file model.pdb (PDB, N, CA and C atoms, pLDDT in the B column)
ATOM      1  N   MET A  67     101.270  88.979 109.296  1.00 45.00           N
ATOM      2  CA  MET A  67     102.378  88.181 109.767  1.00 45.00           C
ATOM      3  C   MET A  67     102.089  87.796 111.207  1.00 45.00           C
ATOM      4  N   ASN A  68     101.731  86.581 111.433  1.00 51.00           N
ATOM      5  CA  ASN A  68     101.415  86.097 112.761  1.00 51.00           C
ATOM      6  C   ASN A  68     102.637  85.442 113.365  1.00 51.00           C
ATOM      7  N   SER A  69     103.536  86.261 113.864  1.00 57.00           N
ATOM      8  CA  SER A  69     104.781  85.748 114.397  1.00 57.00           C
ATOM      9  C   SER A  69     105.287  86.690 115.473  1.00 57.00           C
ATOM     10  N   ASN A  70     106.074  86.171 116.374  1.00 56.00           N
ATOM     11  CA  ASN A  70     106.679  87.008 117.400  1.00 56.00           C
ATOM     12  C   ASN A  70     108.162  87.221 117.137  1.00 56.00           C
ATOM     13  N   ILE A  71     108.607  87.012 115.912  1.00 65.00           N
ATOM     14  CA  ILE A  71     110.000  87.221 115.531  1.00 65.00           C
ATOM     15  C   ILE A  71     110.264  88.714 115.432  1.00 65.00           C
ATOM     16  N   SER A  72     111.349  89.168 116.055  1.00 69.00           N
ATOM     17  CA  SER A  72     111.762  90.560 115.958  1.00 69.00           C
ATOM     18  C   SER A  72     112.665  90.705 114.735  1.00 69.00           C
ATOM     19  N   LEU A  73     112.257  91.526 113.787  1.00 70.00           N
ATOM     20  CA  LEU A  73     113.047  91.722 112.569  1.00 70.00           C
ATOM     21  C   LEU A  73     114.080  92.816 112.804  1.00 70.00           C
ATOM     22  N   PRO A  74     115.294  92.658 112.317  1.00 67.00           N
ATOM     23  CA  PRO A  74     116.352  93.647 112.550  1.00 67.00           C
ATOM     24  C   PRO A  74     115.996  95.018 111.996  1.00 67.00           C
ATOM     25  N   GLY A  75     116.061  96.026 112.859  1.00 71.00           N
ATOM     26  CA  GLY A  75     115.783  97.393 112.456  1.00 71.00           C
ATOM     27  C   GLY A  75     114.311  97.738 112.386  1.00 71.00           C
ATOM     28  N   LEU A  76     113.428  96.796 112.687  1.00 76.00           N
ATOM     29  CA  LEU A  76     111.990  97.034 112.575  1.00 76.00           C
ATOM     30  C   LEU A  76     111.274  96.802 113.904  1.00 76.00           C
ATOM     31  N   GLU A  77     111.961  97.018 115.022  1.00 79.00           N
ATOM     32  CA  GLU A  77     111.380  96.737 116.326  1.00 79.00           C
ATOM     33  C   GLU A  77     110.204  97.651 116.659  1.00 79.00           C
ATOM     34  N   GLY A  78     110.180  98.892 116.174  1.00 82.00           N
ATOM     35  CA  GLY A  78     109.141  99.840 116.547  1.00 82.00           C
ATOM     36  C   GLY A  78     107.998  99.973 115.564  1.00 82.00           C
ATOM     37  N   VAL A  79     107.910  99.104 114.565  1.00 86.00           N
ATOM     38  CA  VAL A  79     106.861  99.235 113.549  1.00 86.00           C
ATOM     39  C   VAL A  79     105.852  98.105 113.653  1.00 86.00           C
ATOM     40  N   ILE A  80     104.690  98.322 113.068  1.00 87.00           N
ATOM     41  CA  ILE A  80     103.635  97.317 112.997  1.00 87.00           C
ATOM     42  C   ILE A  80     103.663  96.741 111.588  1.00 87.00           C
ATOM     43  N   VAL A  81     103.845  95.431 111.470  1.00 87.00           N
ATOM     44  CA  VAL A  81     103.841  94.772 110.157  1.00 87.00           C
ATOM     45  C   VAL A  81     102.387  94.414 109.852  1.00 87.00           C
ATOM     46  N   THR A  82     101.814  95.035 108.809  1.00 89.00           N
ATOM     47  CA  THR A  82     100.412  94.798 108.460  1.00 89.00           C
ATOM     48  C   THR A  82     100.244  93.693 107.431  1.00 89.00           C
ATOM     49  N   LYS A  83     101.274  93.482 106.606  1.00 90.00           N
ATOM     50  CA  LYS A  83     101.189  92.455 105.573  1.00 90.00           C
ATOM     51  C   LYS A  83     102.605  92.044 105.198  1.00 90.00           C
ATOM     52  N   SER A  84     102.797  90.757 104.918  1.00 86.00           N
ATOM     53  CA  SER A  84     104.103  90.287 104.452  1.00 86.00           C
ATOM     54  C   SER A  84     103.896  89.102 103.519  1.00 86.00           C
ATOM     55  N   PHE A  85     104.680  89.086 102.445  1.00 87.00           N
ATOM     56  CA  PHE A  85     104.613  87.973 101.500  1.00 87.00           C
ATOM     57  C   PHE A  85     105.843  87.995 100.615  1.00 87.00           C
ATOM     58  N   GLU A  86     106.051  86.895  99.890  1.00 86.00           N
ATOM     59  CA  GLU A  86     107.157  86.787  98.952  1.00 86.00           C
ATOM     60  C   GLU A  86     106.593  86.763  97.535  1.00 86.00           C
ATOM     61  N   GLN A  87     107.195  87.568  96.660  1.00 86.00           N
ATOM     62  CA  GLN A  87     106.762  87.620  95.271  1.00 86.00           C
ATOM     63  C   GLN A  87     107.998  87.695  94.391  1.00 86.00           C
ATOM     64  N   ASP A  88     108.155  86.723  93.497  1.00 86.00           N
ATOM     65  CA  ASP A  88     109.280  86.662  92.563  1.00 86.00           C
ATOM     66  C   ASP A  88     110.627  86.720  93.277  1.00 86.00           C
ATOM     67  N   GLY A  89     110.757  86.039  94.415  1.00 83.00           N
ATOM     68  CA  GLY A  89     112.008  86.008  95.151  1.00 83.00           C
ATOM     69  C   GLY A  89     112.277  87.239  95.980  1.00 83.00           C
ATOM     70  N   ASN A  90     111.367  88.190  95.990  1.00 86.00           N
ATOM     71  CA  ASN A  90     111.505  89.427  96.760  1.00 86.00           C
ATOM     72  C   ASN A  90     110.537  89.389  97.931  1.00 86.00           C
ATOM     73  N   TYR A  91     111.062  89.539  99.146  1.00 85.00           N
ATOM     74  CA  TYR A  91     110.238  89.533 100.347  1.00 85.00           C
ATOM     75  C   TYR A  91     109.687  90.939 100.542  1.00 85.00           C
ATOM     76  N   GLN A  92     108.364  91.090 100.637  1.00 88.00           N
ATOM     77  CA  GLN A  92     107.729  92.399 100.766  1.00 88.00           C
ATOM     78  C   GLN A  92     107.064  92.523 102.123  1.00 88.00           C
ATOM     79  N   LEU A  93     107.377  93.611 102.820  1.00 86.00           N
ATOM     80  CA  LEU A  93     106.771  93.909 104.117  1.00 86.00           C
ATOM     81  C   LEU A  93     106.035  95.238 104.028  1.00 86.00           C
ATOM     82  N   HIS A  94     104.800  95.262 104.471  1.00 90.00           N
ATOM     83  CA  HIS A  94     104.023  96.493 104.556  1.00 90.00           C
ATOM     84  C   HIS A  94     103.978  96.883 106.030  1.00 90.00           C
ATOM     85  N   VAL A  95     104.542  98.049 106.351  1.00 89.00           N
ATOM     86  CA  VAL A  95     104.696  98.461 107.744  1.00 89.00           C
ATOM     87  C   VAL A  95     104.134  99.853 107.968  1.00 89.00           C
ATOM     88  N   GLU A  96     103.811 100.134 109.231  1.00 89.00           N
ATOM     89  CA  GLU A  96     103.383 101.466 109.635  1.00 89.00           C
ATOM     90  C   GLU A  96     103.744 101.656 111.098  1.00 89.00           C
ATOM     91  N   LEU A  97     103.791 102.904 111.536  1.00 85.00           N
ATOM     92  CA  LEU A  97     104.050 103.217 112.928  1.00 85.00           C
ATOM     93  C   LEU A  97     102.728 103.302 113.676  1.00 85.00           C
ATOM     94  N   GLU A  98     102.792 103.112 114.991  1.00 85.00           N
ATOM     95  CA  GLU A  98     101.601 103.251 115.815  1.00 85.00           C
ATOM     96  C   GLU A  98     101.141 104.710 115.785  1.00 85.00           C
ATOM     97  N   ARG A  99      99.836 104.908 115.721  1.00 83.00           N
ATOM     98  CA  ARG A  99      99.287 106.257 115.666  1.00 83.00           C
ATOM     99  C   ARG A  99      99.372 106.897 117.058  1.00 83.00           C
ATOM    100  N   VAL A 100      99.902 108.119 117.111  1.00 85.00           N
ATOM    101  CA  VAL A 100     100.037 108.842 118.379  1.00 85.00           C
ATOM    102  C   VAL A 100      99.434 110.233 118.220  1.00 85.00           C
ATOM    103  N   PRO A 101      98.955 110.821 119.306  1.00 89.00           N
ATOM    104  CA  PRO A 101      98.419 112.187 119.235  1.00 89.00           C
ATOM    105  C   PRO A 101      99.514 113.176 118.820  1.00 89.00           C
ATOM    106  N   HIS A 102      99.128 114.177 118.046  1.00 83.00           N
ATOM    107  CA  HIS A 102     100.064 115.201 117.591  1.00 83.00           C
ATOM    108  C   HIS A 102      99.318 116.518 117.461  1.00 83.00           C
ATOM    109  N   HIS A 103     100.046 117.600 117.242  1.00 87.00           N
ATOM    110  CA  HIS A 103      99.443 118.926 117.107  1.00 87.00           C
ATOM    111  C   HIS A 103      99.113 119.220 115.653  1.00 87.00           C
ATOM    112  N   CYS A 104      97.906 119.714 115.418  1.00 83.00           N
ATOM    113  CA  CYS A 104      97.485 120.131 114.082  1.00 83.00           C
ATOM    114  C   CYS A 104      98.307 121.352 113.671  1.00 83.00           C
ATOM    115  N   PRO A 105      98.859 121.362 112.443  1.00 81.00           N
ATOM    116  CA  PRO A 105      99.658 122.516 112.005  1.00 81.00           C
ATOM    117  C   PRO A 105      98.820 123.776 111.797  1.00 81.00           C
ATOM    118  N   SER A 106      97.514 123.644 111.604  1.00 83.00           N
ATOM    119  CA  SER A 106      96.660 124.805 111.361  1.00 83.00           C
ATOM    120  C   SER A 106      96.163 125.440 112.650  1.00 83.00           C
ATOM    121  N   CYS A 107      95.554 124.618 113.527  1.00 88.00           N
ATOM    122  CA  CYS A 107      94.917 125.176 114.728  1.00 88.00           C
ATOM    123  C   CYS A 107      95.664 124.852 116.015  1.00 88.00           C
ATOM    124  N   ASN A 108      96.691 124.045 115.942  1.00 88.00           N
ATOM    125  CA  ASN A 108      97.537 123.669 117.073  1.00 88.00           C
ATOM    126  C   ASN A 108      96.809 122.844 118.140  1.00 88.00           C
ATOM    127  N   GLN A 109      95.634 122.285 117.811  1.00 91.00           N
ATOM    128  CA  GLN A 109      94.920 121.403 118.729  1.00 91.00           C
ATOM    129  C   GLN A 109      95.520 119.992 118.635  1.00 91.00           C
ATOM    130  N   VAL A 110      95.451 119.253 119.739  1.00 91.00           N
ATOM    131  CA  VAL A 110      95.950 117.875 119.742  1.00 91.00           C
ATOM    132  C   VAL A 110      94.907 116.978 119.087  1.00 91.00           C
ATOM    133  N   THR A 111      95.350 116.125 118.144  1.00 87.00           N
ATOM    134  CA  THR A 111      94.452 115.249 117.414  1.00 87.00           C
ATOM    135  C   THR A 111      95.158 113.950 117.054  1.00 87.00           C
ATOM    136  N   GLU A 112      94.390 112.913 116.767  1.00 83.00           N
ATOM    137  CA  GLU A 112      94.942 111.660 116.249  1.00 83.00           C
ATOM    138  C   GLU A 112      94.587 111.471 114.783  1.00 83.00           C
ATOM    139  N   LYS A 113      93.813 112.386 114.210  1.00 79.00           N
ATOM    140  CA  LYS A 113      93.399 112.275 112.820  1.00 79.00           C
ATOM    141  C   LYS A 113      94.515 112.742 111.894  1.00 79.00           C
ATOM    142  N   VAL A 114      94.608 112.071 110.749  1.00 76.00           N
ATOM    143  CA  VAL A 114      95.599 112.414 109.735  1.00 76.00           C
ATOM    144  C   VAL A 114      94.859 112.668 108.432  1.00 76.00           C
ATOM    145  N   HIS A 115      95.198 113.745 107.753  1.00 74.00           N
ATOM    146  CA  HIS A 115      94.500 114.106 106.518  1.00 74.00           C
ATOM    147  C   HIS A 115      94.815 113.147 105.374  1.00 74.00           C
ATOM    148  N   ASP A 116      96.067 112.708 105.276  1.00 77.00           N
ATOM    149  CA  ASP A 116      96.463 111.893 104.138  1.00 77.00           C
ATOM    150  C   ASP A 116      97.621 110.975 104.519  1.00 77.00           C
ATOM    151  N   TYR A 117      97.623 109.779 103.981  1.00 82.00           N
ATOM    152  CA  TYR A 117      98.729 108.838 104.148  1.00 82.00           C
ATOM    153  C   TYR A 117      99.374 108.606 102.797  1.00 82.00           C
ATOM    154  N   ARG A 118     100.656 108.340 102.809  1.00 88.00           N
ATOM    155  CA  ARG A 118     101.386 108.026 101.584  1.00 88.00           C
ATOM    156  C   ARG A 118     102.161 106.733 101.813  1.00 88.00           C
ATOM    157  N   ILE A 119     102.333 105.970 100.753  1.00 90.00           N
ATOM    158  CA  ILE A 119     103.110 104.740 100.817  1.00 90.00           C
ATOM    159  C   ILE A 119     104.484 105.027 100.215  1.00 90.00           C
ATOM    160  N   GLN A 120     105.533 104.768 100.988  1.00 87.00           N
ATOM    161  CA  GLN A 120     106.897 104.975 100.519  1.00 87.00           C
ATOM    162  C   GLN A 120     107.569 103.618 100.369  1.00 87.00           C
ATOM    163  N   LYS A 121     108.124 103.362  99.205  1.00 90.00           N
ATOM    164  CA  LYS A 121     108.826 102.110  98.925  1.00 90.00           C
ATOM    165  C   LYS A 121     110.284 102.278  99.327  1.00 90.00           C
ATOM    166  N   VAL A 122     110.779 101.364 100.189  1.00 84.00           N
ATOM    167  CA  VAL A 122     112.136 101.470 100.731  1.00 84.00           C
ATOM    168  C   VAL A 122     112.854 100.144 100.530  1.00 84.00           C
ATOM    169  N   GLN A 123     114.059 100.183  99.946  1.00 78.00           N
ATOM    170  CA  GLN A 123     114.886  98.980  99.848  1.00 78.00           C
ATOM    171  C   GLN A 123     115.468  98.699 101.225  1.00 78.00           C
ATOM    172  N   HIS A 124     115.450  97.444 101.649  1.00 73.00           N
ATOM    173  CA  HIS A 124     115.924  97.069 102.978  1.00 73.00           C
ATOM    174  C   HIS A 124     116.994  95.999 102.820  1.00 73.00           C
ATOM    175  N   HIS A 125     117.706  95.720 103.907  1.00 73.00           N
ATOM    176  CA  HIS A 125     118.705  94.653 103.896  1.00 73.00           C
ATOM    177  C   HIS A 125     118.018  93.318 103.654  1.00 73.00           C
ATOM    178  N   HIS A 126     118.794  92.321 103.359  1.00 73.00           N
ATOM    179  CA  HIS A 126     118.240  90.978 103.177  1.00 73.00           C
ATOM    180  C   HIS A 126     117.665  90.478 104.499  1.00 73.00           C
ATOM    181  N   ILE A 127     116.464  89.926 104.450  1.00 72.00           N
ATOM    182  CA  ILE A 127     115.838  89.279 105.599  1.00 72.00           C
ATOM    183  C   ILE A 127     115.553  87.849 105.183  1.00 72.00           C
ATOM    184  N   PHE A 128     115.930  86.910 106.035  1.00 69.00           N
ATOM    185  CA  PHE A 128     115.760  85.488 105.749  1.00 69.00           C
ATOM    186  C   PHE A 128     116.454  85.099 104.444  1.00 69.00           C
ATOM    187  N   GLY A 129     117.553  85.785 104.096  1.00 75.00           N
ATOM    188  CA  GLY A 129     118.311  85.465 102.906  1.00 75.00           C
ATOM    189  C   GLY A 129     117.663  85.918 101.610  1.00 75.00           C
ATOM    190  N   ARG A 130     116.648  86.756 101.683  1.00 78.00           N
ATOM    191  CA  ARG A 130     115.944  87.229 100.484  1.00 78.00           C
ATOM    192  C   ARG A 130     116.045  88.755 100.375  1.00 78.00           C
ATOM    193  N   GLN A 131     116.075  89.240  99.149  1.00 84.00           N
ATOM    194  CA  GLN A 131     115.998  90.679  98.917  1.00 84.00           C
ATOM    195  C   GLN A 131     114.683  91.177  99.507  1.00 84.00           C
ATOM    196  N   THR A 132     114.704  92.289 100.227  1.00 85.00           N
ATOM    197  CA  THR A 132     113.522  92.758 100.943  1.00 85.00           C
ATOM    198  C   THR A 132     113.171  94.186 100.553  1.00 85.00           C
ATOM    199  N   THR A 133     111.880  94.426 100.361  1.00 85.00           N
ATOM    200  CA  THR A 133     111.364  95.765 100.092  1.00 85.00           C
ATOM    201  C   THR A 133     110.326  96.098 101.152  1.00 85.00           C
ATOM    202  N   LEU A 134     110.448  97.287 101.741  1.00 86.00           N
ATOM    203  CA  LEU A 134     109.461  97.764 102.714  1.00 86.00           C
ATOM    204  C   LEU A 134     108.512  98.729 102.027  1.00 86.00           C
ATOM    205  N   PHE A 135     107.251  98.623 102.346  1.00 90.00           N
ATOM    206  CA  PHE A 135     106.253  99.591 101.913  1.00 90.00           C
ATOM    207  C   PHE A 135     105.768 100.264 103.185  1.00 90.00           C
ATOM    208  N   TYR A 136     106.268 101.481 103.424  1.00 88.00           N
ATOM    209  CA  TYR A 136     106.044 102.216 104.672  1.00 88.00           C
ATOM    210  C   TYR A 136     104.884 103.182 104.503  1.00 88.00           C
ATOM    211  N   ARG A 137     103.848 102.980 105.284  1.00 88.00           N
ATOM    212  CA  ARG A 137     102.679 103.879 105.265  1.00 88.00           C
ATOM    213  C   ARG A 137     102.952 104.997 106.230  1.00 88.00           C
ATOM    214  N   LYS A 138     103.182 106.207 105.681  1.00 81.00           N
ATOM    215  CA  LYS A 138     103.495 107.349 106.561  1.00 81.00           C
ATOM    216  C   LYS A 138     102.492 108.458 106.402  1.00 81.00           C
TER     217      LYS A 138
END
call {"tool": "encode", "arguments": {"input": "model.pdb", "output": "structure tokens"}}
result
Amino acid sequence: MNSNISLPGLEGVIVTKSFEQDGNYQLHVELERVPHHCPSCNQVTEKVHDYRIQKVQHHHIFGRQTTLFYRK
């Protein structure tokens, strides 16, 4: 999505992909990667062992039903 439009409720996320399919607007989003503590060794790291995609129903955006695919 090459746009500088701020979407309601999505100010802190990175939109990696957006498209419309069958009248449903789909946004693929993720948060910026930040250093965190490893639960095993308590060292600070930016590496993540596994990512999961969570499908979330969102309010209408641009008058279309919207689904978020959140990479967490």
call {"tool": "select_by_dssp", "arguments": {"input": "model.pdb", "residues": "chain A", "states": "strand (DSSP E or B)", "output": "number ranges by chain"}}
result
A: 80-87, 90-96, 102-103, 110-111, 119-127, 130-137
call {"tool": "resolve_selection", "arguments": {"input": "model.pdb", "expression": "the PyMOL selection byres ((chain A and resi 96) around 6.5)", "output": "ChimeraX atom specification"}}
result
/A:78-82,94-95,97-98,135-138
call {"tool": "write_last_selection", "arguments": {"input": "model.pdb", "atoms": "N, CA and C atoms", "output": "PDB file, in the coordinates of the input"}}
result
ATOM      1  N   GLY A  78     110.180  98.892 116.174  1.00 82.00           N
ATOM      2  CA  GLY A  78     109.141  99.840 116.547  1.00 82.00           C
ATOM      3  C   GLY A  78     107.998  99.973 115.564  1.00 82.00           C
ATOM      4  N   VAL A  79     107.910  99.104 114.565  1.00 86.00           N
ATOM      5  CA  VAL A  79     106.861  99.235 113.549  1.00 86.00           C
ATOM      6  C   VAL A  79     105.852  98.105 113.653  1.00 86.00           C
ATOM      7  N   ILE A  80     104.690  98.322 113.068  1.00 87.00           N
ATOM      8  CA  ILE A  80     103.635  97.317 112.997  1.00 87.00           C
ATOM      9  C   ILE A  80     103.663  96.741 111.588  1.00 87.00           C
ATOM     10  N   VAL A  81     103.845  95.431 111.470  1.00 87.00           N
ATOM     11  CA  VAL A  81     103.841  94.772 110.157  1.00 87.00           C
ATOM     12  C   VAL A  81     102.387  94.414 109.852  1.00 87.00           C
ATOM     13  N   THR A  82     101.814  95.035 108.809  1.00 89.00           N
ATOM     14  CA  THR A  82     100.412  94.798 108.460  1.00 89.00           C
ATOM     15  C   THR A  82     100.244  93.693 107.431  1.00 89.00           C
ATOM     16  N   HIS A  94     104.800  95.262 104.471  1.00 90.00           N
ATOM     17  CA  HIS A  94     104.023  96.493 104.556  1.00 90.00           C
ATOM     18  C   HIS A  94     103.978  96.883 106.030  1.00 90.00           C
ATOM     19  N   VAL A  95     104.542  98.049 106.351  1.00 89.00           N
ATOM     20  CA  VAL A  95     104.696  98.461 107.744  1.00 89.00           C
ATOM     21  C   VAL A  95     104.134  99.853 107.968  1.00 89.00           C
ATOM     22  N   LEU A  97     103.791 102.904 111.536  1.00 85.00           N
ATOM     23  CA  LEU A  97     104.050 103.217 112.928  1.00 85.00           C
ATOM     24  C   LEU A  97     102.728 103.302 113.676  1.00 85.00           C
ATOM     25  N   GLU A  98     102.792 103.112 114.991  1.00 85.00           N
ATOM     26  CA  GLU A  98     101.601 103.251 115.815  1.00 85.00           C
ATOM     27  C   GLU A  98     101.141 104.710 115.785  1.00 85.00           C
ATOM     28  N   PHE A 135     107.251  98.623 102.346  1.00 90.00           N
ATOM     29  CA  PHE A 135     106.253  99.591 101.913  1.00 90.00           C
ATOM     30  C   PHE A 135     105.768 100.264 103.185  1.00 90.00           C
ATOM     31  N   TYR A 136     106.268 101.481 103.424  1.00 88.00           N
ATOM     32  CA  TYR A 136     106.044 102.216 104.672  1.00 88.00           C
ATOM     33  C   TYR A 136     104.884 103.182 104.503  1.00 88.00           C
ATOM     34  N   ARG A 137     103.848 102.980 105.284  1.00 88.00           N
ATOM     35  CA  ARG A 137     102.679 103.879 105.265  1.00 88.00           C
ATOM     36  C   ARG A 137     102.952 104.997 106.230  1.00 88.00           C
ATOM     37  N   LYS A 138     103.182 106.207 105.681  1.00 81.00           N
ATOM     38  CA  LYS A 138     103.495 107.349 106.561  1.00 81.00           C
ATOM     39  C   LYS A 138     102.492 108.458 106.402  1.00 81.00           C
TER      40      LYS A 138
END
call {"tool": "axis_aligned_box", "arguments": {"input": "model.pdb", "around": "region 104-123 of chain A", "padding_each_side": "5 Å", "output": "lines of an AutoDock Vina configuration file"}}
result
center_x = 104.4
center_y = 112.1
center_z = 109.3
size_x = 32.1
size_y = 36.7
size_z = 30.8
call {"tool": "atom_distance", "arguments": {"input": "model.pdb", "atom1": "CA of Tyr117 (chain A)", "atom2": "CA of Leu93 (chain A)"}}
result
17.0 Å
call {"tool": "resolve_selection", "arguments": {"input": "model.pdb", "expression": "the PyMOL selection byres ((chain A and resi 101) around 6.5)", "output": "PyMOL selection string"}}
result
chain A and resi 99-100+102-103+110-112
call {"tool": "atom_distance", "arguments": {"input": "model.pdb", "atom1": "CA of Arg118 (chain A)", "atom2": "atom C of Gln87 (chain A)"}}
result
22.6 Å
call {"tool": "atom_distance", "arguments": {"input": "model.pdb", "atom1": "CA of Val122 (chain A)", "atom2": "CA of Leu134 (chain A)"}}
result
5.0 Å
call {"tool": "closest_residue", "arguments": {"input": "model.pdb", "among": "A:Ser84, A:Asn108, A:Gly89, A:Gly75", "to": "Thr132 (chain A)", "atoms": "only N, CA and C atoms"}}
result
A:Gly89
call {"tool": "closest_residue", "arguments": {"input": "model.pdb", "among": "A:His125, A:Lys113, A:Cys107, A:Gln131", "to": "Phe85 (chain A)", "atoms": "only C-alpha atoms"}}
result
A:Gln131
